[in-house]
file input.txt (compact mmCIF, C-alpha atoms)
# COMPACT_ATOMS: atom_id res chain seq x y z
CA MET A 72 -116.24 4.38 49.16
CA GLY A 73 -117.74 7.31 50.93
CA LYS A 74 -116.29 10.72 50.72
CA ARG A 75 -113.24 11.24 52.88
CA LYS A 76 -113.06 14.12 55.28
CA SER A 77 -110.90 16.85 53.85
CA LEU A 78 -110.30 20.50 54.53
CA ILE A 79 -108.62 23.47 52.86
CA LYS A 80 -107.16 26.09 55.18
CA ILE A 81 -105.84 29.48 54.16
CA LYS A 82 -103.48 31.51 56.29
CA PRO A 83 -103.85 34.37 57.09
CA LYS A 84 -107.66 34.37 57.14
CA LYS A 85 -107.97 37.91 55.77
CA TYR A 86 -105.97 38.67 52.65
CA LYS A 87 -105.82 41.08 49.75
CA THR A 88 -105.39 40.59 46.01
CA GLY A 89 -101.72 40.04 45.22
CA GLU A 90 -100.88 38.80 48.70
CA ILE A 91 -99.04 35.52 49.16
CA VAL A 92 -100.99 33.15 51.38
CA LYS A 93 -100.32 29.66 52.69
CA VAL A 94 -102.78 27.06 51.43
CA SER A 95 -102.97 23.83 53.43
CA PHE A 96 -104.92 20.81 52.31
CA MET A 97 -105.69 18.12 54.89
CA VAL A 98 -107.33 14.80 54.21
CA MET A 99 -108.19 11.79 56.37
CA HIS A 100 -106.44 8.97 54.54
CA PRO A 101 -104.75 5.79 55.92
CA MET A 102 -101.67 5.99 53.61
CA ASP A 103 -100.92 2.24 54.05
CA THR A 104 -97.44 1.27 52.89
CA GLY A 105 -98.20 -2.32 51.94
CA THR A 106 -95.81 -3.70 54.58
CA GLY A 107 -97.93 -3.29 57.70
CA LYS A 108 -99.92 -6.19 59.15
CA ASN A 109 -103.34 -6.35 60.70
CA LYS A 110 -102.54 -7.08 64.37
CA LYS A 111 -105.59 -9.29 64.90
CA THR A 112 -105.55 -11.46 61.77
CA GLY A 113 -101.88 -11.19 60.73
CA GLU A 114 -102.83 -10.36 57.16
CA ILE A 115 -100.79 -7.83 55.24
CA ILE A 116 -102.71 -4.61 54.66
CA PRO A 117 -102.48 -3.78 50.93
CA ALA A 118 -100.82 -0.52 49.91
CA HIS A 119 -103.30 2.34 49.84
CA TYR A 120 -101.89 5.81 49.41
CA ILE A 121 -102.50 9.10 47.63
CA ASN A 122 -100.38 9.32 44.49
CA GLU A 123 -101.49 12.57 42.94
CA VAL A 124 -102.66 15.92 44.32
CA LYS A 125 -103.64 18.87 42.13
CA PHE A 126 -104.28 22.43 43.28
CA LEU A 127 -106.46 24.39 40.86
CA PHE A 128 -107.66 27.98 40.77
CA ASN A 129 -110.71 28.59 38.56
CA GLY A 130 -109.98 25.28 36.82
CA LYS A 131 -106.34 26.11 36.07
CA PRO A 132 -103.76 23.95 37.88
CA PHE A 133 -101.01 25.88 39.65
CA THR A 134 -99.39 23.09 41.66
CA THR A 135 -99.31 19.37 41.00
CA MET A 136 -97.78 16.77 43.26
CA LYS A 137 -96.79 13.17 42.87
CA THR A 138 -96.69 11.45 46.22
CA TRP A 139 -95.79 8.03 47.58
CA GLU A 140 -96.66 5.93 50.62
CA THR A 141 -93.79 7.49 52.62
CA LEU A 142 -96.05 10.39 53.62
CA SER A 143 -97.72 10.16 57.01
CA ALA A 144 -101.26 8.99 57.53
CA ASN A 145 -103.82 11.80 57.36
CA PRO A 146 -101.41 13.97 55.35
CA VAL A 147 -101.24 17.73 55.17
CA PHE A 148 -99.92 19.43 52.03
CA SER A 149 -99.01 23.11 52.26
CA VAL A 150 -97.92 25.44 49.46
CA ASN A 151 -97.84 29.17 48.89
CA PHE A 152 -100.28 30.88 46.59
CA LYS A 153 -100.41 34.43 45.25
CA VAL A 154 -104.04 35.52 45.26
CA PRO A 155 -104.93 36.82 41.77
CA GLY A 156 -108.50 37.81 42.65
CA LYS A 157 -111.90 36.29 43.31
CA GLY A 158 -112.46 32.71 42.40
CA GLU A 159 -112.60 29.11 43.51
CA LEU A 160 -109.69 27.10 44.84
CA LYS A 161 -110.03 23.40 44.25
CA VAL A 162 -107.92 20.43 45.30
CA VAL A 163 -108.31 17.11 43.47
CA TYR A 164 -106.54 13.99 44.64
CA THR A 165 -106.23 10.44 43.35
CA ASP A 166 -105.04 7.36 45.20
CA ASN A 167 -103.51 4.10 44.00
CA GLN A 168 -106.80 2.23 44.38
CA GLY A 169 -108.51 4.57 41.95
CA GLU A 170 -110.37 6.82 44.36
CA VAL A 171 -110.80 10.38 43.12
CA ASN A 172 -112.06 13.06 45.47
CA GLU A 173 -112.05 16.82 45.54
CA SER A 174 -112.55 19.66 47.92
CA SER A 175 -113.01 23.35 47.20
CA LYS A 176 -112.99 26.74 48.85
CA LYS A 177 -114.04 30.19 47.66
CA ILE A 178 -111.38 32.86 47.48
CA LYS A 179 -112.67 36.28 48.50
CA PRO A 180 -109.89 38.85 48.82
CA LYS A 181 -110.70 42.01 50.74
CA GLY A 182 -109.49 45.09 48.93
CA MET B 283 -85.80 -41.12 21.12
CA GLN B 284 -88.71 -40.57 23.38
CA ARG B 285 -86.64 -41.03 26.49
CA ARG B 286 -83.97 -38.68 25.14
CA SER B 287 -86.44 -35.90 24.37
CA PHE B 288 -88.09 -36.46 27.73
CA LEU B 289 -84.78 -36.02 29.54
CA ARG B 290 -83.97 -32.97 27.47
CA GLY B 291 -87.35 -31.56 28.43
CA ILE B 292 -86.59 -32.07 32.11
CA GLY B 293 -83.23 -30.38 31.66
CA ILE B 294 -84.85 -27.33 30.09
CA ALA B 295 -87.50 -27.21 32.79
CA ALA B 296 -84.85 -27.42 35.51
CA ALA B 297 -82.80 -24.67 33.89
CA ALA B 298 -85.90 -22.53 33.54
CA SER B 299 -86.89 -23.00 37.16
CA ALA B 300 -83.32 -22.26 38.25
CA VAL B 301 -83.56 -18.96 36.40
CA VAL B 302 -87.05 -18.13 37.56
CA THR B 303 -86.83 -18.93 41.27
CA PRO B 304 -84.23 -16.32 42.29
CA THR B 305 -86.22 -13.57 40.60
CA MET B 306 -89.39 -14.87 42.25
CA VAL B 307 -87.70 -14.75 45.65
CA MET B 308 -86.48 -11.23 44.94
CA GLY B 309 -90.01 -10.22 44.00
CA ALA B 310 -91.43 -11.65 47.21
CA ALA B 311 -88.94 -9.84 49.44
CA PRO B 312 -90.74 -8.10 52.30
CA LYS B 313 -90.48 -4.58 50.99
CA GLY B 314 -92.94 -1.98 49.86
CA PRO B 315 -94.33 -1.89 46.33
CA ASN B 316 -91.97 0.90 45.28
CA THR B 317 -88.34 0.17 46.00
CA LEU B 318 -85.57 2.28 44.59
CA GLY B 319 -82.16 3.04 46.03
CA TYR B 320 -81.20 6.59 46.90
CA GLU B 321 -78.59 6.96 44.15
CA ALA B 322 -80.94 5.48 41.56
CA ALA B 323 -83.74 7.79 42.63
CA VAL B 324 -81.53 10.87 42.33
CA LYS B 325 -80.41 9.72 38.90
CA ALA B 326 -84.01 9.12 37.83
CA ILE B 327 -84.90 12.70 38.80
CA THR B 328 -81.88 14.55 37.47
CA GLY B 329 -81.07 12.35 34.49
CA GLY B 330 -77.39 12.33 35.45
CA LYS B 331 -77.03 16.12 35.73
CA LYS B 332 -74.82 17.74 38.33
CA VAL B 333 -76.38 18.43 41.71
CA THR B 334 -74.97 21.27 43.80
CA ALA B 335 -75.52 21.91 47.48
CA SER B 336 -76.96 25.39 47.86
CA SER B 337 -77.70 27.81 50.67
CA LYS B 338 -80.75 29.01 48.73
CA VAL B 339 -82.62 25.89 49.75
CA HIS B 340 -83.78 25.80 53.36
CA MET B 341 -84.78 22.48 54.83
CA LYS B 342 -86.52 22.56 58.16
CA ALA B 343 -86.95 19.28 60.02
CA PRO B 344 -86.68 18.25 63.67
CA GLU B 345 -83.23 17.03 64.76
CA ILE B 346 -84.77 14.33 66.90
CA ALA B 347 -88.11 12.83 65.95
CA GLU B 348 -89.69 10.72 68.68
CA ASN B 349 -92.24 9.19 66.37
CA GLY B 350 -91.00 8.26 62.90
CA ALA B 351 -94.55 7.96 61.59
CA VAL B 352 -95.11 11.72 61.71
CA VAL B 353 -92.11 13.92 60.94
CA PRO B 354 -93.03 17.47 59.89
CA ILE B 355 -90.77 18.98 57.23
CA THR B 356 -90.76 22.36 55.51
CA VAL B 357 -88.75 23.29 52.43
CA THR B 358 -88.42 26.88 51.29
CA VAL B 359 -86.38 28.13 48.35
CA ASP B 360 -85.14 31.69 47.80
CA SER B 361 -86.48 32.45 44.36
CA PRO B 362 -88.16 35.46 42.74
CA MET B 363 -90.82 33.13 41.22
CA THR B 364 -91.21 35.13 38.02
CA ASP B 365 -91.87 33.65 34.58
CA ALA B 366 -88.17 33.88 33.76
CA ASP B 367 -86.80 32.40 36.96
CA TYR B 368 -88.85 30.14 39.17
CA VAL B 369 -88.64 26.86 41.00
CA LYS B 370 -89.99 24.13 38.77
CA ALA B 371 -90.04 21.24 41.21
CA ILE B 372 -89.21 20.27 44.76
CA HIS B 373 -88.48 16.60 45.35
CA ILE B 374 -88.41 15.22 48.89
CA LEU B 375 -86.24 12.14 49.43
CA ALA B 376 -85.62 10.10 52.59
CA SER B 377 -82.25 8.43 52.02
CA LYS B 378 -82.81 5.19 53.96
CA ASN B 379 -86.51 4.46 53.60
CA GLY B 380 -87.71 1.36 51.75
CA ASN B 381 -89.09 3.73 49.15
CA VAL B 382 -86.78 6.73 48.97
CA ARG B 383 -89.19 9.11 47.27
CA CYS B 384 -91.75 10.99 49.34
CA ALA B 385 -93.16 13.71 47.12
CA ASP B 386 -92.53 15.53 43.86
CA VAL B 387 -94.05 19.02 43.92
CA MET B 388 -94.37 20.84 40.60
CA LEU B 389 -94.67 24.58 41.17
CA THR B 390 -95.53 27.45 38.83
CA PRO B 391 -95.01 31.25 39.07
CA ALA B 392 -98.63 31.48 40.31
CA ASN B 393 -97.42 30.19 43.67
CA GLY B 394 -95.70 33.48 44.44
CA ALA B 395 -93.13 31.84 46.71
CA ALA B 396 -91.50 28.43 46.71
CA MET B 397 -92.55 26.56 49.83
CA PHE B 398 -93.71 23.05 50.55
CA ALA B 399 -94.62 21.53 53.87
CA ALA B 400 -95.82 18.04 54.70
CA ARG B 401 -95.45 15.25 57.23
CA ILE B 402 -93.45 12.18 56.26
CA LYS B 403 -92.69 8.72 57.62
CA LEU B 404 -89.11 7.72 58.47
CA GLY B 405 -88.03 4.13 59.11
CA THR B 406 -84.73 4.87 60.86
CA SER B 407 -82.41 7.79 61.59
CA GLN B 408 -81.39 9.23 58.24
CA ASP B 409 -80.90 12.25 56.03
CA VAL B 410 -83.95 13.94 54.57
CA VAL B 411 -83.01 15.55 51.28
CA ALA B 412 -84.71 18.28 49.28
CA LEU B 413 -83.79 18.26 45.60
CA VAL B 414 -84.85 21.43 43.81
CA GLU B 415 -85.11 21.88 40.07
CA THR B 416 -85.15 25.47 38.78
CA SER B 417 -86.59 26.68 35.49
CA THR B 418 -83.04 27.28 34.22
CA GLY B 419 -82.30 23.56 34.54
CA GLU B 420 -80.14 23.71 37.66
CA PHE B 421 -80.42 21.17 40.44
CA LEU B 422 -79.91 22.43 43.98
CA THR B 423 -79.98 20.39 47.13
CA ALA B 424 -80.11 20.68 50.91
CA SER B 425 -80.41 18.00 53.54
CA GLN B 426 -80.85 17.50 57.23
CA ASN B 427 -80.18 14.52 59.43
CA VAL B 428 -83.12 13.40 61.55
CA LYS B 429 -82.68 11.03 64.49
CA VAL B 430 -85.65 8.74 64.90
CA THR B 431 -86.43 7.06 68.22
CA ILE B 432 -89.27 4.84 67.02
CA GLY B 433 -89.43 3.88 63.34
CA GLY B 434 -92.57 4.66 61.47
CA CYS B 435 -92.63 2.22 58.55
CA GLY B 436 -94.77 -0.89 58.52
call {"tool": "encode", "arguments": {"input": "input.txt", "output": "structure tokens"}}
result
Amino acid sequence: MGKRKSLIKIKPKKYKTGEIVKVSFMVMHPMDTGTGKNKKTGEIIPAHYINEVKFLFNGKPFTTMKTWETLSANPVFSVNFKVPGKGELKVVYTDNQGEVNESSKKIKPKG
Amino acid sequence: MQRRSFLRGIGIAAAASAVVTPTMVMGAAPKGPNTLGYEAAVKAITGGKKVTASSKVHMKAPEIAENGAVVPITVTVDSPMTDADYVKAIHILASKNGNVRCADVMLTPANGAAMFAARIKLGTSQDVVALVETSTGEFLTASQNVKVTIGGCG
């Protein structure tokens, strides 16, 4: 499988050390429940959903999530994060068919 | 003797099939791969501990969702988020979905504030429940009813 499109957004765009920011992680993923049918062939589409998301800062996890197929397709996960300083924010996710992907963003606080 | 053992064999086979078929039918029921009732799911999370409704937990969801496939929800918890007192986990449950559980979010003091936002699928009109576990071992809850015009499962 090719790499899925994913994106990490930080709000507000300019932040300082010690400030609490909102980190959103978006990924293009079908999140199939396993009950839907292909409208043309009538075959059941097998379940395919993200079951684990990890937020890491400089390799240390600060938020872990277990998720199920009841999340919408192309999900967005948002959490707060207190900026401790410069570093790299990384999000790693796994799905039930064994795909592992990651996405990262540099954290550069101003002041 | 042969006939007797043969008949006995048939009897055992029939009994076995009678036992097996109902479970097979149950297994083939048209439901998702993860099915768990609401009460059972709450029990699995809390381990039978008391759950109290709290005004500290704020659940934000639309009252009427036109499309059940995309329902935005936001959960915030009033908590200092220090090492001594922080929110350990936020569980999102949809009480009438085929699979009740949506997400378990494990937080740490590094988050700074306890917030989780995502978009979920809802099959029918139902309560969306946030179950919050604090570091002191308390379970707090808040819920909101969401009316769904078009279901979003399957």
call {"tool": "interface_residues", "arguments": {"input": "input.txt", "of": "chain B", "to": "chain A", "cutoff": "7 Å", "atoms": "only C-alpha atoms", "output": "short mmCIF file (atom, residue, chain, number, x, y, z; two decimals) with C-alpha atoms, keeping the file's coordinate frame"}}
result
data_model
loop_
_atom_site.label_atom_id
_atom_site.label_comp_id
_atom_site.auth_asym_id
_atom_site.auth_seq_id
_atom_site.Cartn_x
_atom_site.Cartn_y
_atom_site.Cartn_z
CA LYS B 313 -90.48 -4.58 50.99
CA GLY B 314 -92.94 -1.98 49.86
CA PRO B 315 -94.33 -1.89 46.33
CA ALA B 351 -94.55 7.96 61.59
CA VAL B 352 -95.11 11.72 61.71
CA ASN B 381 -89.09 3.73 49.15
CA ARG B 383 -89.19 9.11 47.27
CA CYS B 384 -91.75 10.99 49.34
CA ALA B 385 -93.16 13.71 47.12
CA ASP B 386 -92.53 15.53 43.86
CA VAL B 387 -94.05 19.02 43.92
CA MET B 388 -94.37 20.84 40.60
CA LEU B 389 -94.67 24.58 41.17
CA THR B 390 -95.53 27.45 38.83
CA ALA B 392 -98.63 31.48 40.31
CA ASN B 393 -97.42 30.19 43.67
CA GLY B 394 -95.70 33.48 44.44
CA ALA B 395 -93.13 31.84 46.71
CA ALA B 396 -91.50 28.43 46.71
CA MET B 397 -92.55 26.56 49.83
CA PHE B 398 -93.71 23.05 50.55
CA ALA B 399 -94.62 21.53 53.87
CA ALA B 400 -95.82 18.04 54.70
CA ARG B 401 -95.45 15.25 57.23
CA ILE B 402 -93.45 12.18 56.26
CA LYS B 403 -92.69 8.72 57.62
CA GLY B 436 -94.77 -0.89 58.52
#
call {"tool": "atom_distance", "arguments": {"input": "input.txt", "atom1": "atom CA of Thr356 of chain B", "atom2": "atom CA of Val410 of chain B"}}
result
10.9 Å
call {"tool": "closest_residue", "arguments": {"input": "input.txt", "among": "A:His119, A:Lys85, A:Lys181, A:Lys131", "to": "Gln168 of chain A", "atoms": "all atoms listed in the file"}}
result
A:His119
call {"tool": "closest_residue", "arguments": {"input": "input.txt", "among": "A:Lys80, A:Glu114, A:Lys87, A:Tyr120", "to": "Pro101 of chain A", "atoms": "all atoms listed in the file"}}
result
A:Tyr120
call {"tool": "atom_distance", "arguments": {"input": "input.txt", "atom1": "atom CA of Val353 of chain B", "atom2": "atom CA of Tyr320 of chain B"}}
result
19.2 Å
call {"tool": "residues_around", "arguments": {"input": "input.txt", "residues": "Thr165 of chain A", "least_positions_apart": "3", "cutoff": "6 Å", "atoms": "only C-alpha atoms", "output": "ChimeraX atom specification"}}
result
/A:121,123,170-171
call {"tool": "atom_distance", "arguments": {"input": "input.txt", "atom1": "atom CA of Ala343 of chain B", "atom2": "atom CA of Leu404 of chain B"}}
result
11.9 Å
call {"tool": "decode", "arguments": {"input": "input.txt", "residues": "segment 85-99 of chain A", "atoms": "N, CA, C and O atoms", "output": "PDB file, in the first residue's frame"}}
result
ATOM      1  N   LYS A  85       1.456  30.524  15.593  1.00  0.00           N
ATOM      2  CA  LYS A  85       2.623  31.022  16.336  1.00  0.00           C
ATOM      3  C   LYS A  85       2.401  30.766  17.816  1.00  0.00           C
ATOM      4  O   LYS A  85       1.349  31.122  18.355  1.00  0.00           O
ATOM      5  N   TYR A  86       3.384  30.155  18.458  1.00  0.00           N
ATOM      6  CA  TYR A  86       3.214  29.794  19.871  1.00  0.00           C
ATOM      7  C   TYR A  86       4.543  29.931  20.584  1.00  0.00           C
ATOM      8  O   TYR A  86       5.598  29.992  19.962  1.00  0.00           O
ATOM      9  N   LYS A  87       4.447  29.987  21.908  1.00  0.00           N
ATOM     10  CA  LYS A  87       5.649  30.115  22.730  1.00  0.00           C
ATOM     11  C   LYS A  87       5.835  28.855  23.551  1.00  0.00           C
ATOM     12  O   LYS A  87       4.911  28.058  23.702  1.00  0.00           O
ATOM     13  N   THR A  88       7.021  28.701  24.143  1.00  0.00           N
ATOM     14  CA  THR A  88       7.283  27.559  25.019  1.00  0.00           C
ATOM     15  C   THR A  88       6.364  27.654  26.233  1.00  0.00           C
ATOM     16  O   THR A  88       6.218  28.726  26.825  1.00  0.00           O
ATOM     17  N   GLY A  89       5.736  26.555  26.589  1.00  0.00           N
ATOM     18  CA  GLY A  89       4.840  26.545  27.738  1.00  0.00           C
ATOM     19  C   GLY A  89       3.396  26.832  27.382  1.00  0.00           C
ATOM     20  O   GLY A  89       2.516  26.698  28.221  1.00  0.00           O
ATOM     21  N   GLU A  90       3.151  27.213  26.132  1.00  0.00           N
ATOM     22  CA  GLU A  90       1.780  27.498  25.719  1.00  0.00           C
ATOM     23  C   GLU A  90       1.054  26.195  25.362  1.00  0.00           C
ATOM     24  O   GLU A  90       1.677  25.248  24.890  1.00  0.00           O
ATOM     25  N   ILE A  91      -0.255  26.201  25.616  1.00  0.00           N
ATOM     26  CA  ILE A  91      -1.048  25.015  25.263  1.00  0.00           C
ATOM     27  C   ILE A  91      -1.619  25.218  23.862  1.00  0.00           C
ATOM     28  O   ILE A  91      -2.310  26.194  23.599  1.00  0.00           O
ATOM     29  N   VAL A  92      -1.277  24.303  22.970  1.00  0.00           N
ATOM     30  CA  VAL A  92      -1.761  24.399  21.592  1.00  0.00           C
ATOM     31  C   VAL A  92      -2.681  23.216  21.292  1.00  0.00           C
ATOM     32  O   VAL A  92      -2.718  22.223  22.018  1.00  0.00           O
ATOM     33  N   LYS A  93      -3.419  23.353  20.198  1.00  0.00           N
ATOM     34  CA  LYS A  93      -4.296  22.269  19.756  1.00  0.00           C
ATOM     35  C   LYS A  93      -3.619  21.562  18.588  1.00  0.00           C
ATOM     36  O   LYS A  93      -3.291  22.194  17.586  1.00  0.00           O
ATOM     37  N   VAL A  94      -3.391  20.275  18.739  1.00  0.00           N
ATOM     38  CA  VAL A  94      -2.746  19.495  17.693  1.00  0.00           C
ATOM     39  C   VAL A  94      -3.808  18.634  17.022  1.00  0.00           C
ATOM     40  O   VAL A  94      -4.498  17.856  17.675  1.00  0.00           O
ATOM     41  N   SER A  95      -3.975  18.798  15.715  1.00  0.00           N
ATOM     42  CA  SER A  95      -4.940  17.992  14.967  1.00  0.00           C
ATOM     43  C   SER A  95      -4.193  17.113  13.978  1.00  0.00           C
ATOM     44  O   SER A  95      -3.298  17.576  13.281  1.00  0.00           O
ATOM     45  N   PHE A  96      -4.584  15.877  13.939  1.00  0.00           N
ATOM     46  CA  PHE A  96      -3.992  14.939  12.992  1.00  0.00           C
ATOM     47  C   PHE A  96      -5.089  14.452  12.058  1.00  0.00           C
ATOM     48  O   PHE A  96      -6.104  13.929  12.504  1.00  0.00           O
ATOM     49  N   MET A  97      -4.901  14.666  10.767  1.00  0.00           N
ATOM     50  CA  MET A  97      -5.896  14.227   9.777  1.00  0.00           C
ATOM     51  C   MET A  97      -5.266  13.184   8.892  1.00  0.00           C
ATOM     52  O   MET A  97      -4.085  13.275   8.553  1.00  0.00           O
ATOM     53  N   VAL A  98      -6.063  12.199   8.508  1.00  0.00           N
ATOM     54  CA  VAL A  98      -5.543  11.163   7.617  1.00  0.00           C
ATOM     55  C   VAL A  98      -6.651  10.708   6.668  1.00  0.00           C
ATOM     56  O   VAL A  98      -7.819  10.653   7.054  1.00  0.00           O
ATOM     57  N   MET A  99      -6.290  10.457   5.416  1.00  0.00           N
ATOM     58  CA  MET A  99      -7.261   9.953   4.443  1.00  0.00           C
ATOM     59  C   MET A  99      -7.325   8.439   4.618  1.00  0.00           C
ATOM     60  O   MET A  99      -6.393   7.723   4.248  1.00  0.00           O
TER      61      MET A  99
END
